[in-house]
Amino acid sequence: MQAALASPVLPGRGDCCYTSCYCEENVWKLCEYVRDRAQQPLEDFYAIFLSNENKMIPIWKQRSGNREDPVIWDYHVVLLHDCRDGQKFIYDLDTVLPFPCPCDTYIKEALRSEHNIHRDFRRKLRVNPSDEYLRTFASDRSHMKDSNNEWRKPPPPYPYIKTPGSSMNLDDFISMDPRVGYGAVYTLAAFTERFGTPV
């Protein structure tokens, strides 16, 4: 069993910048905090996008879920801390699991096995180094507006995130096509082999 972090890297869950249904921006803000204020190297952190070709993925232990039933997301984003002592932790602001949660525990409790999941729901993960994510991610939040240009969910209070070259490239991060976007795309089995303990 993994030991707890010797000292907190990020604020407690309740003190983090958080907006419901904007997980990609919540994780961007966590990366920003690590870059600007944390005492840990930014290169030890990764923004992880979870999705698949159908944009239908089950994740368990989500705050918006119902007991033991999974939430079916089109995508979800978490932060991975790959500690230099070999420990690995997941920061998910939408989970009922600990914050941070040992990566093995998160895989076992929140992602579970693919063996009993229909192929249409099998998860893939795009692993983005945090420094690259801070440089390249952009979202004008247009995906959160309906056909009447009304917000489906209230947006974060700060200005939208953009880069010199883009105001919206969220789809490149959600895509699990390894030929597009940034980072590296893993199957759940390959991710578990790389960052967890294979089961």
# chains A, B, ... in the order shown; residues from 1 in each chain; ligands from 1

$ select_by_dssp --residues "chain A" --states "alpha helix (DSSP H)" --output "PyMOL selection string"
chain A and resi 23-36+103-106+130-136+170-174+188-195

$ residues_around --residues "Arg13 (chain A)" --least-positions-apart "2" --cutoff "10 Å" --atoms "only C-alpha atoms" --output "list of chain:residue names"
A:Leu10, A:Pro11, A:Asp15, A:Cys16, A:Cys17, A:Tyr18, A:Tyr91, A:Asp92, A:Leu93, A:Asp94, A:Pro98, A:Phe99, A:Pro100

$ residues_around --residues "region 125-137 of chain A" --least-positions-apart "3" --cutoff "10 Å" --atoms "only C-alpha atoms" --output "ChimeraX atom specification"
/A:24-25,27-32,34-35,42-52,75-81,161-170,172-178,181-188,190-191

$ residues_around --residues "Pro70 (chain A)" --least-positions-apart "4" --cutoff "12 Å" --atoms "only C-alpha atoms" --output "mmCIF file with N, CA and C atoms, in the first residue's frame"
data_model
loop_
_atom_site.group_PDB
_atom_site.id
_atom_site.type_symbol
_atom_site.label_atom_id
_atom_site.label_comp_id
_atom_site.auth_asym_id
_atom_site.auth_seq_id
_atom_site.Cartn_x
_atom_site.Cartn_y
_atom_site.Cartn_z
ATOM 1 N N MET A 56 -18.010 8.237 -24.601
ATOM 2 C CA MET A 56 -18.874 7.642 -23.572
ATOM 3 C C MET A 56 -17.989 6.763 -22.692
ATOM 4 N N ILE A 57 -17.663 7.262 -21.498
ATOM 5 C CA ILE A 57 -16.792 6.494 -20.609
ATOM 6 C C ILE A 57 -17.371 6.439 -19.196
ATOM 7 N N PRO A 58 -17.378 5.256 -18.576
ATOM 8 C CA PRO A 58 -17.824 5.157 -17.196
ATOM 9 C C PRO A 58 -16.687 5.435 -16.219
ATOM 10 N N ILE A 59 -16.971 6.239 -15.212
ATOM 11 C CA ILE A 59 -16.044 6.462 -14.106
ATOM 12 C C ILE A 59 -16.840 6.338 -12.810
ATOM 13 N N TRP A 60 -16.325 5.541 -11.907
ATOM 14 C CA TRP A 60 -16.976 5.327 -10.628
ATOM 15 C C TRP A 60 -16.466 6.333 -9.592
ATOM 16 N N LYS A 61 -17.159 6.365 -8.456
ATOM 17 C CA LYS A 61 -16.758 7.192 -7.311
ATOM 18 C C LYS A 61 -16.742 8.686 -7.648
ATOM 19 N N GLN A 62 -17.663 9.109 -8.490
ATOM 20 C CA GLN A 62 -17.792 10.518 -8.815
ATOM 21 C C GLN A 62 -18.862 11.159 -7.938
ATOM 22 N N ARG A 63 -18.639 12.393 -7.571
ATOM 23 C CA ARG A 63 -19.577 13.077 -6.671
ATOM 24 C C ARG A 63 -20.972 13.198 -7.271
ATOM 25 N N SER A 64 -21.043 13.275 -8.595
ATOM 26 C CA SER A 64 -22.353 13.391 -9.246
ATOM 27 C C SER A 64 -22.989 12.032 -9.495
ATOM 28 N N GLY A 65 -22.339 10.950 -9.060
ATOM 29 C CA GLY A 65 -22.866 9.607 -9.256
ATOM 30 C C GLY A 65 -23.848 9.212 -8.174
ATOM 31 N N ASN A 66 -24.365 7.986 -8.320
ATOM 32 C CA ASN A 66 -25.357 7.461 -7.391
ATOM 33 C C ASN A 66 -24.841 6.153 -6.804
ATOM 34 N N THR A 95 -14.110 13.512 -7.583
ATOM 35 C CA THR A 95 -14.254 12.189 -6.994
ATOM 36 C C THR A 95 -14.614 12.268 -5.511
ATOM 37 N N GLU A 109 -10.615 1.727 -7.977
ATOM 38 C CA GLU A 109 -11.925 2.156 -7.485
ATOM 39 C C GLU A 109 -12.711 2.991 -8.505
ATOM 40 N N ALA A 110 -12.024 3.866 -9.224
ATOM 41 C CA ALA A 110 -12.719 4.794 -10.122
ATOM 42 C C ALA A 110 -12.767 4.302 -11.569
ATOM 43 N N LEU A 111 -11.703 3.645 -12.016
ATOM 44 C CA LEU A 111 -11.658 3.187 -13.404
ATOM 45 C C LEU A 111 -12.039 1.714 -13.531
ATOM 46 N N ARG A 112 -11.602 0.909 -12.579
ATOM 47 C CA ARG A 112 -11.929 -0.512 -12.536
ATOM 48 C C ARG A 112 -11.398 -1.215 -13.795
ATOM 49 N N ILE A 117 -16.657 -4.413 -19.277
ATOM 50 C CA ILE A 117 -17.185 -3.202 -19.903
ATOM 51 C C ILE A 117 -17.312 -3.430 -21.409
ATOM 52 N N PHE A 121 -17.534 1.380 -24.449
ATOM 53 C CA PHE A 121 -17.307 2.208 -23.272
ATOM 54 C C PHE A 121 -15.871 2.107 -22.744
#

$ closest_residue --among "A:Val71, A:Cys21, A:Cys101, A:Ala138" --to "Pro8 (chain A)" --atoms "only C-alpha atoms"
A:Cys101

$ select_by_dssp --residues "region 98-165 of chain A" --states "strand (DSSP E)" --output "list in words"
Cys101, Pro102, Lys124, Leu125, Arg126, Val127, Asn128 and Pro129 of chain A

$ write_last_selection --atoms "N, CA and C atoms" --output "compact mmCIF listing (two decimals), in the first residue's frame"
# COMPACT_ATOMS: atom_id res chain seq x y z
N CYS A 101 -5.35 10.95 -4.38
CA CYS A 101 -5.62 9.52 -4.23
C CYS A 101 -4.46 8.73 -4.83
N PRO A 102 -3.93 7.72 -4.13
CA PRO A 102 -2.90 6.89 -4.76
C PRO A 102 -3.38 6.37 -6.12
N LYS A 124 -9.74 5.28 -22.91
CA LYS A 124 -8.37 5.60 -23.29
C LYS A 124 -7.96 6.86 -22.54
N LEU A 125 -6.65 7.07 -22.46
CA LEU A 125 -6.15 8.20 -21.67
C LEU A 125 -5.07 8.93 -22.46
N ARG A 126 -5.25 10.23 -22.58
CA ARG A 126 -4.23 11.08 -23.22
C ARG A 126 -3.43 11.75 -22.10
N VAL A 127 -2.16 11.42 -22.04
CA VAL A 127 -1.27 11.88 -20.98
C VAL A 127 -0.47 13.07 -21.49
N ASN A 128 -0.71 14.23 -20.88
CA ASN A 128 -0.09 15.48 -21.32
C ASN A 128 0.84 16.02 -20.24
N PRO A 129 2.13 16.19 -20.52
CA PRO A 129 2.99 16.85 -19.54
C PRO A 129 2.42 18.22 -19.16

$ atom_distance --atom1 "CA of Arg119 (chain A)" --atom2 "CA of His143 (chain A)"
26.0 Å

$ atom_distance --atom1 "CA of Gly196 (chain A)" --atom2 "CA of Asp82 (chain A)"
10.3 Å
